[in-house]
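start.tsv (TSV, C-alpha atoms and all ligand atoms)
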```tsv
chain	number	residue	atom	x	y	z
A	5	MET	CA	103.21	85.91	93.33
A	6	LEU	CA	103.76	89.66	93.78
A	7	SER	CA	104.15	91.47	97.06
A	8	GLU	CA	100.54	92.34	97.85
A	9	LYS	CA	101.67	95.24	100.01
A	10	CYS	CA	103.69	96.79	97.17
A	11	TYR	CA	100.96	96.07	94.64
A	12	GLU	CA	98.42	97.83	96.83
A	13	LEU	CA	100.65	100.87	97.27
A	14	GLY	CA	101.56	101.09	93.59
A	15	SER	CA	98.15	100.45	92.09
A	16	LYS	CA	96.35	103.23	93.88
A	17	SER	CA	98.14	106.54	93.53
A	18	SER	CA	97.95	109.08	96.34
A	19	ILE	CA	94.87	111.30	96.39
A	20	ILE	CA	97.16	114.32	95.85
A	21	ARG	CA	98.62	112.80	92.66
A	22	GLU	CA	95.14	111.77	91.53
A	23	ILE	CA	93.82	115.31	91.82
A	24	PHE	CA	96.94	116.72	90.19
A	25	ALA	CA	96.47	114.34	87.22
A	26	PHE	CA	92.82	115.41	86.95
A	27	GLY	CA	94.02	119.05	86.88
A	28	GLN	CA	96.43	118.32	84.03
A	29	MET	CA	93.59	116.74	82.06
A	30	ARG	CA	91.25	119.70	82.75
A	31	LYS	CA	93.96	122.23	81.83
A	32	ALA	CA	94.31	120.52	78.43
A	33	GLN	CA	90.52	120.70	77.97
A	34	VAL	CA	89.67	124.23	79.15
A	35	GLY	CA	93.03	126.04	79.27
A	36	PRO	CA	95.48	126.35	82.14
A	37	ASP	CA	94.13	129.73	83.33
A	38	GLN	CA	90.67	128.28	83.93
A	39	VAL	CA	91.83	125.62	86.40
A	40	TYR	CA	92.71	126.55	90.00
A	41	ASP	CA	95.03	123.77	90.95
A	42	PHE	CA	96.00	123.79	94.63
A	43	SER	CA	96.87	120.11	94.81
A	44	LEU	CA	100.63	119.72	94.81
A	45	GLY	CA	103.40	121.12	97.04
A	46	ASN	CA	105.67	121.94	94.12
A	47	PRO	CA	107.57	125.17	94.90
A	48	SER	CA	106.46	128.02	92.65
A	49	ILE	CA	109.39	130.34	93.30
A	50	PRO	CA	112.61	129.83	91.36
A	51	ALA	CA	115.76	128.45	92.93
A	52	PRO	CA	118.07	131.30	94.01
A	53	PRO	CA	120.47	132.52	91.26
A	54	SER	CA	123.40	131.05	93.21
A	55	VAL	CA	122.07	127.55	92.39
A	56	LYS	CA	122.30	128.18	88.65
A	57	GLN	CA	125.73	129.73	89.10
A	58	ALA	CA	126.92	126.71	91.07
A	59	VAL	CA	125.59	124.30	88.42
A	60	MET	CA	127.28	126.28	85.63
A	61	GLU	CA	130.60	126.37	87.48
A	62	LEU	CA	130.40	122.68	88.28
A	63	MET	CA	129.80	121.87	84.62
A	64	ASP	CA	133.30	123.21	83.98
A	65	THR	CA	134.93	120.85	86.48
A	66	PRO	CA	136.14	117.47	85.23
A	67	ALA	CA	133.17	115.16	84.60
A	68	GLU	CA	134.83	112.27	86.38
A	69	GLU	CA	134.83	114.38	89.55
A	70	VAL	CA	131.38	115.89	89.49
A	71	HIS	CA	129.43	112.88	88.20
A	72	ALA	CA	131.33	110.22	90.12
A	73	TYR	CA	130.05	108.11	93.02
A	74	THR	CA	130.75	109.73	96.35
A	75	ALA	CA	131.07	107.90	99.65
A	76	ALA	CA	127.78	106.21	100.56
A	77	SER	CA	127.15	108.91	103.18
A	78	GLY	CA	128.07	111.71	100.79
A	79	ASP	CA	131.05	113.84	99.87
A	80	LEU	CA	133.23	114.51	102.92
A	81	GLN	CA	133.71	118.22	102.24
A	82	VAL	CA	129.98	118.75	101.62
A	83	ARG	CA	129.09	116.96	104.87
A	84	ARG	CA	131.63	119.12	106.69
A	85	THR	CA	130.12	122.27	105.16
A	86	VAL	CA	126.60	121.20	106.18
A	87	ALA	CA	127.77	120.43	109.75
A	88	GLU	CA	129.59	123.77	110.06
A	89	SER	CA	126.56	125.66	108.78
A	90	LEU	CA	124.24	123.96	111.30
A	91	ASN	CA	126.71	124.66	114.10
A	92	ARG	CA	126.96	128.32	113.14
A	93	ARG	CA	123.21	128.84	112.86
A	94	PHE	CA	121.99	126.75	115.76
A	95	SER	CA	124.95	126.74	118.17
A	96	GLU	CA	125.35	123.01	117.70
A	97	GLU	CA	128.31	120.64	117.54
A	98	PHE	CA	127.69	118.41	114.51
A	99	THR	CA	130.64	116.78	112.79
A	100	GLU	CA	130.81	115.45	109.22
A	101	GLU	CA	130.49	111.97	110.72
A	102	GLY	CA	126.94	112.78	111.88
A	103	ILE	CA	125.76	114.03	108.48
A	104	PHE	CA	124.38	111.55	105.93
A	105	MET	CA	123.49	113.04	102.53
A	106	THR	CA	120.22	111.70	101.10
A	107	CYS	CA	117.85	111.83	98.14
A	108	GLY	CA	115.53	114.36	99.83
A	109	ALA	CA	113.38	114.18	102.94
A	110	ALA	CA	111.61	111.03	101.74
A	111	ALA	CA	114.93	109.19	101.85
A	112	SER	CA	116.02	110.90	105.09
A	113	LEU	CA	112.88	109.66	106.82
A	114	ASN	CA	112.85	106.22	105.25
A	115	ILE	CA	116.46	105.66	106.27
A	116	SER	CA	115.94	107.01	109.80
A	117	ILE	CA	112.83	104.90	110.38
A	118	ARG	CA	114.45	101.78	108.92
A	119	ALA	CA	117.60	102.34	111.02
A	120	LEU	CA	115.52	102.26	114.23
A	121	ALA	CA	112.65	99.86	113.53
A	122	ASN	CA	112.32	96.28	114.59
A	123	GLU	CA	109.18	94.31	113.73
A	124	GLY	CA	106.26	95.57	115.84
A	125	ASP	CA	107.93	98.77	117.10
A	126	GLU	CA	105.66	101.79	117.24
A	127	PHE	CA	106.19	105.22	115.68
A	128	ILE	CA	103.93	108.07	116.79
A	129	VAL	CA	102.94	110.86	114.42
A	130	PHE	CA	100.78	113.91	115.07
A	131	ALA	CA	97.67	114.53	113.02
A	132	PRO	CA	97.45	116.14	110.60
A	133	PHE	CA	100.51	114.36	109.19
A	134	PHE	CA	102.21	113.84	105.80
A	135	PRO	CA	100.43	110.73	104.42
A	136	GLU	CA	103.63	109.03	103.24
A	137	TYR	CA	104.64	108.43	106.88
A	138	ARG	CA	102.24	105.51	106.96
A	139	CYS	CA	103.87	103.85	104.00
A	140	TRP	CA	107.39	104.43	105.33
A	141	VAL	CA	106.67	103.20	108.86
A	142	GLU	CA	104.64	100.18	107.79
A	143	GLY	CA	107.19	99.40	105.05
A	144	ALA	CA	109.75	99.01	107.84
A	145	GLY	CA	107.54	96.43	109.59
A	146	ALA	CA	106.61	98.92	112.33
A	147	ILE	CA	103.25	100.27	113.50
A	148	LEU	CA	102.04	103.84	112.98
A	149	LYS	CA	100.18	105.42	115.90
A	150	VAL	CA	98.39	108.69	115.31
A	151	SER	CA	98.13	111.30	118.06
A	152	ARG	CA	95.20	113.64	117.60
A	153	PRO	CA	95.80	117.41	117.64
A	154	GLU	CA	94.58	119.88	120.26
A	155	ALA	CA	90.96	120.85	119.64
A	156	CYS	CA	91.98	124.24	118.31
A	157	GLY	CA	95.18	125.23	116.62
A	158	PHE	CA	96.72	121.84	115.66
A	159	GLN	CA	99.31	121.92	118.44
A	160	ILE	CA	100.17	118.69	120.28
A	161	ASP	CA	97.53	117.20	122.59
A	162	PHE	CA	99.90	116.02	125.32
A	163	GLN	CA	97.29	114.04	127.16
A	164	ASN	CA	96.62	112.01	124.05
A	165	LEU	CA	100.34	111.61	123.36
A	166	GLU	CA	100.92	110.28	126.87
A	167	GLN	CA	98.22	107.66	126.35
A	168	LEU	CA	99.94	106.47	123.14
A	169	LEU	CA	103.49	106.27	124.50
A	170	SER	CA	104.47	102.75	125.56
A	171	PRO	CA	107.58	100.59	125.93
A	172	LYS	CA	107.05	99.73	122.25
A	173	THR	CA	107.45	103.36	121.15
A	174	LYS	CA	110.65	103.59	119.15
A	175	ALA	CA	110.27	107.15	117.91
A	176	VAL	CA	108.01	110.14	117.58
A	177	ILE	CA	107.98	112.06	114.29
A	178	VAL	CA	107.40	115.82	114.28
A	179	ASN	CA	106.97	118.00	111.22
A	180	SER	CA	107.18	121.72	111.92
A	181	PRO	CA	106.46	123.93	109.97
A	182	ASN	CA	103.71	121.49	109.23
A	183	ASN	CA	102.34	120.09	106.00
A	184	PRO	CA	99.30	120.46	105.81
A	185	SER	CA	98.40	122.88	108.64
A	186	GLY	CA	101.23	125.43	108.34
A	187	VAL	CA	101.55	125.36	112.13
A	188	VAL	CA	104.97	125.83	113.76
A	189	TYR	CA	105.50	124.17	117.13
A	190	SER	CA	106.46	126.76	119.71
A	191	GLU	CA	109.53	126.52	121.92
A	192	GLU	CA	107.22	125.75	124.83
A	193	THR	CA	105.68	122.83	122.90
A	194	ILE	CA	109.10	121.42	122.03
A	195	ARG	CA	110.30	121.75	125.65
A	196	ARG	CA	107.20	119.98	126.91
A	197	LEU	CA	107.56	117.24	124.31
A	198	ALA	CA	111.23	116.78	125.20
A	199	GLY	CA	110.36	116.57	128.90
A	200	MET	CA	107.72	113.92	128.31
A	201	LEU	CA	109.97	111.80	126.07
A	202	GLU	CA	112.85	112.02	128.54
A	203	LYS	CA	110.62	110.92	131.39
A	204	LYS	CA	109.14	108.02	129.41
A	205	SER	CA	112.53	106.89	128.06
A	206	LYS	CA	113.79	106.69	131.65
A	207	GLU	CA	110.67	104.86	132.79
A	208	TYR	CA	110.92	102.28	129.95
A	209	GLY	CA	114.71	101.96	130.18
A	210	SER	CA	115.21	102.54	126.43
A	211	PRO	CA	115.45	105.71	124.38
A	212	ILE	CA	112.51	107.11	122.45
A	213	TYR	CA	113.98	108.89	119.45
A	214	LEU	CA	112.59	112.14	118.11
A	215	ILE	CA	112.69	112.34	114.31
A	216	THR	CA	112.19	115.87	112.99
A	217	ASP	CA	110.99	116.20	109.42
A	218	GLU	CA	111.95	119.71	108.40
A	219	PRO	CA	111.82	120.45	104.69
A	220	TYR	CA	110.00	123.73	105.47
A	221	ARG	CA	112.38	124.92	108.20
A	222	GLU	CA	113.22	128.19	106.42
A	223	ILE	CA	109.71	128.85	105.06
A	224	VAL	CA	108.21	130.86	107.93
A	225	TYR	CA	106.49	134.23	108.13
A	226	ASP	CA	106.17	137.24	110.44
A	227	GLY	CA	109.55	136.66	112.12
A	228	ILE	CA	108.51	133.29	113.62
A	229	GLN	CA	111.43	131.21	114.93
A	230	VAL	CA	111.47	127.44	114.44
A	231	PRO	CA	113.10	125.85	117.50
A	232	PHE	CA	116.04	123.63	116.48
A	233	VAL	CA	115.01	120.45	118.23
A	234	THR	CA	118.44	118.89	118.93
A	235	ARG	CA	118.99	121.70	121.43
A	236	TYR	CA	116.02	120.56	123.50
A	237	TYR	CA	116.15	116.77	123.24
A	238	ARG	CA	119.22	114.58	123.23
A	239	ASN	CA	118.02	111.68	121.07
A	240	THR	CA	117.00	113.69	118.00
A	241	MET	CA	117.54	112.82	114.34
A	242	VAL	CA	117.07	115.74	111.94
A	243	CYS	CA	115.67	114.91	108.49
A	244	TYR	CA	116.19	117.77	106.08
A	245	SER	CA	115.65	118.41	102.40
A	246	TYR	CA	116.49	121.22	99.98
A	247	SER	CA	113.33	120.48	97.97
A	248	LYS	CA	111.44	123.47	99.34
A	249	SER	CA	114.06	125.88	100.70
A	250	LEU	CA	116.04	125.91	97.45
A	251	SER	CA	113.08	124.94	95.20
A	252	LEU	CA	114.85	121.78	94.06
A	253	PRO	CA	112.26	119.01	94.59
A	254	GLY	CA	113.18	117.16	91.42
A	255	GLU	CA	116.89	117.04	92.22
A	256	ARG	CA	116.37	114.79	95.28
A	257	ILE	CA	118.82	116.16	97.77
A	258	GLY	CA	118.79	116.45	101.57
A	259	TYR	CA	120.48	115.02	104.64
A	260	ILE	CA	120.12	113.37	108.04
A	261	ALA	CA	121.92	115.14	110.89
A	262	VAL	CA	122.66	113.33	114.14
A	263	PRO	CA	124.41	115.04	117.06
A	264	GLY	CA	127.34	113.16	118.61
A	265	ARG	CA	125.68	113.05	122.04
A	266	VAL	CA	122.79	110.84	120.86
A	267	GLN	CA	122.64	107.57	122.78
A	268	ASP	CA	124.44	104.77	120.92
A	269	TYR	CA	125.70	107.32	118.38
A	270	LYS	CA	128.26	105.10	116.65
A	271	ARG	CA	125.85	102.20	116.33
A	272	LEU	CA	123.08	104.52	115.14
A	273	MET	CA	125.29	106.00	112.39
A	274	ALA	CA	126.21	102.45	111.34
A	275	ALA	CA	122.51	101.52	111.27
A	276	ILE	CA	121.79	104.61	109.14
A	277	GLY	CA	124.46	103.41	106.71
A	278	GLY	CA	122.94	99.93	106.76
A	279	ALA	CA	119.40	101.20	106.19
A	280	ALA	CA	120.54	103.34	103.26
A	281	ARG	CA	122.28	100.31	101.84
A	282	MET	CA	119.21	98.13	102.29
A	283	LEU	CA	117.03	100.71	100.55
A	284	GLY	CA	119.53	101.51	97.79
A	285	PHE	CA	119.70	105.14	98.93
A	286	VAL	CA	123.48	105.39	98.99
A	287	CYS	CA	125.44	108.23	97.41
A	288	ALA	CA	122.90	111.04	96.95
A	289	PRO	CA	123.07	112.80	93.54
A	290	SER	CA	126.66	113.86	93.25
A	291	LEU	CA	126.20	117.09	91.26
A	292	PHE	CA	123.57	118.38	93.68
A	293	GLN	CA	125.60	117.45	96.73
A	294	GLN	CA	128.17	119.89	95.36
A	295	VAL	CA	125.51	122.48	94.56
A	296	VAL	CA	124.01	122.49	98.06
A	297	GLY	CA	127.53	122.54	99.50
A	298	ARG	CA	127.99	125.86	97.68
A	299	CYS	CA	124.53	127.26	98.55
A	300	VAL	CA	124.22	125.87	102.05
A	301	GLU	CA	122.76	128.98	103.67
A	302	GLU	CA	120.70	130.21	100.71
A	303	THR	CA	116.90	130.20	100.51
A	304	GLY	CA	114.55	131.18	97.70
A	305	ASP	CA	112.70	134.49	98.03
A	306	ILE	CA	109.72	133.41	100.12
A	307	ASN	CA	107.93	136.77	99.94
A	308	ALA	CA	105.72	135.42	97.16
A	309	TYR	CA	104.50	132.65	99.48
A	310	LYS	CA	103.73	135.19	102.20
A	311	ARG	CA	101.73	137.33	99.76
A	312	ASN	CA	99.81	134.22	98.68
A	313	ARG	CA	99.17	133.20	102.27
A	314	ASP	CA	97.81	136.64	103.15
A	315	LEU	CA	95.63	136.87	100.02
A	316	LEU	CA	94.18	133.43	100.52
A	317	TYR	CA	93.72	133.60	104.28
A	318	GLU	CA	92.08	137.03	104.17
A	319	GLY	CA	89.98	136.18	101.11
A	320	LEU	CA	88.70	132.87	102.45
A	321	THR	CA	87.97	134.03	105.99
A	322	ARG	CA	86.05	136.99	104.51
A	323	LEU	CA	83.94	134.47	102.59
A	324	GLY	CA	83.19	132.61	105.82
A	325	TYR	CA	85.68	129.74	105.57
A	326	THR	CA	87.43	128.71	108.80
A	327	CYS	CA	91.15	128.01	109.09
A	328	VAL	CA	94.18	128.59	111.31
A	329	LYS	CA	96.51	131.24	109.87
A	330	PRO	CA	99.63	129.36	108.76
A	331	GLN	CA	102.92	130.45	110.33
A	332	GLY	CA	105.02	128.54	107.84
A	333	ALA	CA	105.22	126.08	104.88
A	334	PHE	CA	102.86	126.86	101.98
A	335	TYR	CA	99.60	125.15	102.86
A	336	LEU	CA	96.28	126.33	104.25
A	337	PHE	CA	94.18	123.76	106.09
A	338	VAL	CA	90.57	124.80	105.77
A	339	GLN	CA	87.47	123.33	107.38
A	340	SER	CA	85.33	121.55	104.83
A	341	LEU	CA	81.83	122.99	104.45
A	342	GLU	CA	80.38	119.52	104.84
A	343	GLU	CA	81.46	116.66	107.07
A	344	ASP	CA	82.72	114.58	104.16
A	345	ALA	CA	85.74	116.49	102.86
A	346	TYR	CA	85.99	114.17	99.85
A	347	ALA	CA	82.43	115.10	98.79
A	348	PHE	CA	83.29	118.76	99.33
A	349	CYS	CA	86.34	118.45	97.05
A	350	GLN	CA	84.20	116.75	94.40
A	351	ARG	CA	81.80	119.69	94.55
A	352	ALA	CA	84.72	122.15	94.31
A	353	LYS	CA	85.81	120.38	91.12
A	354	ASN	CA	82.63	121.70	89.45
A	355	TYR	CA	84.30	125.13	89.64
A	356	ASP	CA	87.68	123.72	88.55
A	357	LEU	CA	88.87	124.31	92.07
A	358	LEU	CA	91.25	121.49	92.96
A	359	LEU	CA	91.61	120.90	96.70
A	360	VAL	CA	92.88	117.89	98.63
A	361	PRO	CA	90.61	116.20	101.21
A	362	SER	CA	92.25	115.71	104.58
A	363	ASP	CA	91.33	112.09	105.36
A	364	ASP	CA	94.77	110.72	104.46
A	365	PHE	CA	96.36	113.36	106.71
A	366	GLY	CA	94.63	111.64	109.64
A	367	CYS	CA	92.33	114.58	110.31
A	368	PRO	CA	88.98	114.24	108.49
A	369	GLY	CA	86.75	117.22	107.75
A	370	TYR	CA	89.33	119.57	106.23
A	371	VAL	CA	90.87	120.35	102.86
A	372	ARG	CA	94.47	121.24	102.07
A	373	ILE	CA	95.16	124.16	99.77
A	374	ALA	CA	98.76	124.27	98.49
A	375	TYR	CA	99.35	127.97	97.83
A	376	CYS	CA	102.73	127.57	96.13
A	377	VAL	CA	101.06	128.84	92.96
A	378	ALA	CA	101.08	132.02	90.86
A	379	GLU	CA	99.32	134.92	92.60
A	380	LYS	CA	96.87	135.16	89.70
A	381	THR	CA	95.67	131.62	90.46
A	382	ILE	CA	94.58	132.77	93.92
A	383	VAL	CA	92.97	135.95	92.62
A	384	GLY	CA	91.20	133.98	89.85
A	385	ALA	CA	90.03	131.30	92.30
A	386	MET	CA	88.26	133.66	94.71
A	387	PRO	CA	84.97	133.89	92.73
A	388	ALA	CA	84.97	130.07	92.54
A	389	PHE	CA	85.44	129.81	96.32
A	390	GLU	CA	82.62	132.31	96.73
A	391	LYS	CA	80.21	130.37	94.51
A	392	LEU	CA	81.12	127.17	96.32
A	393	ALA	CA	80.42	128.71	99.75
A	394	LYS	CA	77.12	130.12	98.46
A	395	GLU	CA	75.97	126.65	97.45
A	396	TYR	CA	76.23	125.61	101.08
A	397	LYS	CA	74.74	128.81	102.50
A	398	GLN	CA	71.74	128.64	100.25
A	399	GLY	CA	71.24	124.94	100.78
A	400	GLN	CA	71.40	124.41	97.03
A	401	LEU	CA	73.04	121.03	97.40
A	402	CYS	CA	71.61	118.33	95.26
B	501	LIG	N1	107.92	115.51	104.52
B	501	LIG	C1	107.00	116.46	104.29
B	501	LIG	C2	106.24	117.00	105.44
B	501	LIG	C3	106.75	116.90	102.99
B	501	LIG	O1	105.82	117.83	102.78
B	501	LIG	C4	107.48	116.33	101.91
B	501	LIG	C5	107.22	116.72	100.54
B	501	LIG	O2	106.32	117.44	100.20
B	501	LIG	C6	108.44	115.36	102.22
B	501	LIG	C7	108.63	114.97	103.53
B	501	LIG	C8	109.25	114.72	101.13
B	501	LIG	O3	110.20	115.69	100.70
B	501	LIG	P1	111.25	115.40	99.54
B	501	LIG	O4	110.62	115.85	98.28
B	501	LIG	O5	112.43	116.21	99.88
B	501	LIG	O6	111.53	113.96	99.54
```

Will you turn the file into structure tokens for me?
Amino acid sequence: MLSEKCYELGSKSSIIREIFAFGQMRKAQVGPDQVYDFSLGNPSIPAPPSVKQAVMELMDTPAEEVHAYTAASGDLQVRRTVAESLNRRFSEEFTEEGIFMTCGAAASLNISIRALANEGDEFIVFAPFFPEYRCWVEGAGAILKVSRPEACGFQIDFQNLEQLLSPKTKAVIVNSPNNPSGVVYSEETIRRLAGMLEKKSKEYGSPIYLITDEPYREIVYDGIQVPFVTRYYRNTMVCYSYSKSLSLPGERIGYIAVPGRVQDYKRLMAAIGGAARMLGFVCAPSLFQQVVGRCVEETGDINAYKRNRDLLYEGLTRLGYTCVKPQGAFYLFVQSLEEDAYAFCQRAKNYDLLLVPSDDFGCPGYVRIAYCVAEKTIVGAMPAFEKLAKEYKQGQLC
């Protein structure tokens, strides 16, 4: 007998992957320039030149050093470099002990959730949320609770959050800049969230942890600042990844950062080690630990994403589409022109316009457009968006 839970997860691929696979098939049929594929969050800008330089230099170091197992939590010097960089940039006090190198944000989150969860514990996420959270939380035997967003703007609805918090709440997961809305939580929002979690932790007599999922931390526009959450809330675990900031999604590299003042710090770091062990996520890729250690404060040139955001936002709002202007990440979350976003995406497919319906993000009635694409894809897609909108305006639906 197989695990039914695993079978179910593995036999139906995510809607994002499904649409991406359809796009690959269409590109083979009609040519890549005729398909406007906005499905996947694969960075479209190259990794900074320093990444290539680091790889080349590392290839000249003895193979038994660079390809060897590191400590389960990662190379000591790399962890120290990451801690020092965070301290410099965010006036923090991390030590190498509080840094655990991981295989990207997926592993950072899985490990963090698993380190905290006991059967039946609750984890609260804010819609719209990254769909994999469900699989990671439920995989740990815990329960996912979804807090709805404010009516406009996708900020936190604190009234709704308060209703969901309970003595069973083990952690709250925030993702800012957000996939799929592009919203960045303001300092005021983070302060208010911290205040509410502190009050409730005291009331329940046990800490509610705040897990921050931040693979898009550096991808922000117009001088927006992303508050560094550990400075506002004591019991914070930072889950980071270099997948987006260094355009290295296939290399699987990131970290968990835990400040020393977190309640039960020593036991939590041991539980993180145990969770990584349980999941087989020990010793993140050795070569890329060294690479990020050498490029720790580098970021790809995000100007291309900003140009894409502006082109798409201005173009779509001119055509009558409704969306919040993203402050960060590389997604636009647009209101579907019919209630059923899935049906809307099917209709968009007729124009080879590949969009992702929002249902799995916990926020029905929208579509996600990943604009980490070539500029010409956006320019080429505009007539298709126009024809699609016209279908709805003219009531030509059949
Ligand atoms: N969290 C969010 C919000 C994401 O968008 C992604 C990837 O797109 C991940 C986590 C997983 O990131 P990684 O590829 O580093 O595992």

Which residue, A:Val55, A:Ala175, A:Leu320, A:Ile373, has the smallest gap to Met386 (chain A) when you use only C-alpha atoms?
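Smallest separation from Met386 (chain A) among the options: A:Leu320.
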
Near-ligand residues for ligand LIG 501 (chain B), threshold 8 Å, only C-alpha atoms and all ligand atoms, as number ranges by chain
A: 45-46, 107-113, 133-134, 136, 179, 182-184, 217-220, 244-248, 253-254, 256-258

Assuming 5 Å of padding per side, give the centre and edge lengths of the axis-aligned box around every listed atom of region 76-92 of chain A, in Å to one decimal and as JSON.
```
{"center_x": 129.0, "center_y": 117.3, "center_z": 107.0, "size_x": 19.5, "size_y": 32.1, "size_z": 24.2}
```

Could you check the closest approach to Ala288 (chain A) for each of A:Ile260, A:Ala155, A:Cys376, A:Ala25 and tell me which residue wins, using only C-alpha atoms?
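Result for the nearest residue to Ala288 (chain A): A:Ile260.
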
Taking 4 positions as the minimum chain separation for residues in the same chain, which residues sit within 9 Å of region 96-100 of chain A when counting all atoms listed in the file? Answer as a short mmCIF file (atom, residue, chain, number, x, y, z; two decimals) with C-alpha atoms, in the coordinates of the input.
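Contents of result_30.cif, freshly written:
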```
data_model
loop_
_atom_site.label_atom_id
_atom_site.label_comp_id
_atom_site.auth_asym_id
_atom_site.auth_seq_id
_atom_site.Cartn_x
_atom_site.Cartn_y
_atom_site.Cartn_z
CA LEU A 80 133.23 114.51 102.92
CA GLN A 81 133.71 118.22 102.24
CA VAL A 82 129.98 118.75 101.62
CA ARG A 83 129.09 116.96 104.87
CA ARG A 84 131.63 119.12 106.69
CA THR A 85 130.12 122.27 105.16
CA VAL A 86 126.60 121.20 106.18
CA ALA A 87 127.77 120.43 109.75
CA GLU A 88 129.59 123.77 110.06
CA LEU A 90 124.24 123.96 111.30
CA ASN A 91 126.71 124.66 114.10
CA ARG A 92 126.96 128.32 113.14
CA PHE A 104 124.38 111.55 105.93
CA THR A 234 118.44 118.89 118.93
CA ARG A 235 118.99 121.70 121.43
CA ALA A 261 121.92 115.14 110.89
CA VAL A 262 122.66 113.33 114.14
CA PRO A 263 124.41 115.04 117.06
CA GLY A 264 127.34 113.16 118.61
#
```

Surrounding residues of region 343-349 of chain A excluding itself and chain neighbours under 2 positions, 6 Å, only C-alpha atoms, as a ChimeraX atom specification:
/A:340,351-352,359,361,369-370

With only C-alpha atoms as the basis for distance, which of A:Trp140, A:Ala32, A:Pro50, A:Ala333 is at the shortest distance from Thr303 (chain A)?
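Using only C-alpha atoms, the shortest distance to Thr303 (chain A) belongs to A:Pro50.
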
Atomic separation - CA of Tyr335 (chain A) relative to CA of Glu318 (chain A), Å:
14.1 Å

Proximity to Thr381 (chain A) - best of A:Met273, A:Gln33, A:Arg281, A:Leu358, all atoms listed in the file:
A:Leu358

Within 8 Å of Gly304 (chain A), counting all atoms listed in the file, which residues show up once you throw out same-chain ones fewer than 3 positions away? Write them as an MDAnalysis selection string, please.
chainID A and resid 49:52 249:251

Nearest residue to Ala279 (chain A) from the set A:Lys203, A:Arg152, A:Arg221, A:Arg118 (distances using all atoms listed in the file)
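Looking only at the distances to Ala279 (chain A), the closest residue turns out to be A:Arg118.
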
Counting all atoms listed in the file, select every polymer residue within 10 Å of (94.6, 135.4, 101.3) as defined in the file's coordinates, and provide the selection as a PDB file with C-alpha atoms, in the frame of the given file.
```pdb
ATOM      1  CA  LYS A 310     103.730 135.190 102.200  1.00  0.00           C
ATOM      2  CA  ARG A 311     101.730 137.330  99.760  1.00  0.00           C
ATOM      3  CA  ASN A 312      99.810 134.220  98.680  1.00  0.00           C
ATOM      4  CA  ARG A 313      99.170 133.200 102.270  1.00  0.00           C
ATOM      5  CA  ASP A 314      97.810 136.640 103.150  1.00  0.00           C
ATOM      6  CA  LEU A 315      95.630 136.870 100.020  1.00  0.00           C
ATOM      7  CA  LEU A 316      94.180 133.430 100.520  1.00  0.00           C
ATOM      8  CA  TYR A 317      93.720 133.600 104.280  1.00  0.00           C
ATOM      9  CA  GLU A 318      92.080 137.030 104.170  1.00  0.00           C
ATOM     10  CA  GLY A 319      89.980 136.180 101.110  1.00  0.00           C
ATOM     11  CA  LEU A 320      88.700 132.870 102.450  1.00  0.00           C
ATOM     12  CA  THR A 321      87.970 134.030 105.990  1.00  0.00           C
ATOM     13  CA  ARG A 322      86.050 136.990 104.510  1.00  0.00           C
ATOM     14  CA  LYS A 329      96.510 131.240 109.870  1.00  0.00           C
ATOM     15  CA  LEU A 336      96.280 126.330 104.250  1.00  0.00           C
ATOM     16  CA  TYR A 375      99.350 127.970  97.830  1.00  0.00           C
ATOM     17  CA  GLU A 379      99.320 134.920  92.600  1.00  0.00           C
ATOM     18  CA  ILE A 382      94.580 132.770  93.920  1.00  0.00           C
ATOM     19  CA  VAL A 383      92.970 135.950  92.620  1.00  0.00           C
ATOM     20  CA  MET A 386      88.260 133.660  94.710  1.00  0.00           C
TER      21      MET A 386
END
```

Neighbours of point (107.5, 124.6, 116.7) within 12 Å, using only C-alpha atoms, written as a PyMOL selection string:
chain A and resi 158-160+178-182+186-197+216-218+220-221+224+228-233+236+331-332

Of the candidates A:Val266, A:Gln294, A:Lys16, A:Asp161, which shows the shortest atom-to-atom distance to Met63 (chain A), using only C-alpha atoms?
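Closest to Met63 (chain A) of all the choices is A:Gln294.
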
Please report the interatomic distance between CA of Ser43 (chain A) and CA of Gln398 (chain A) in Å with one decimal.
27.1 Å

Which polymer residues have any atom within 12 Å of an atom of Lys397 (chain A), counting all atoms listed in the file, with same-chain residues fewer than 6 positions away left out, as JSON, numbers by chain?
{"A": [323, 324, 325, 341, 342, 390, 391]}

Can you pull out every residue within 10 Å of Asp356 (chain A), counting all atoms listed in the file, but drop anything in the same chain fewer than 6 positions away, and send it as a PyMOL selection string?
chain A and resi 26-27+30-31+34+38-41+350+385+388

Would you compute the distance between CA of Leu168 (chain A) and CA of Ile276 (chain A)? Give it in Å to one decimal.
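According to the coordinates, CA of Leu168 (chain A) and CA of Ile276 (chain A) are separated by 26.0 Å.
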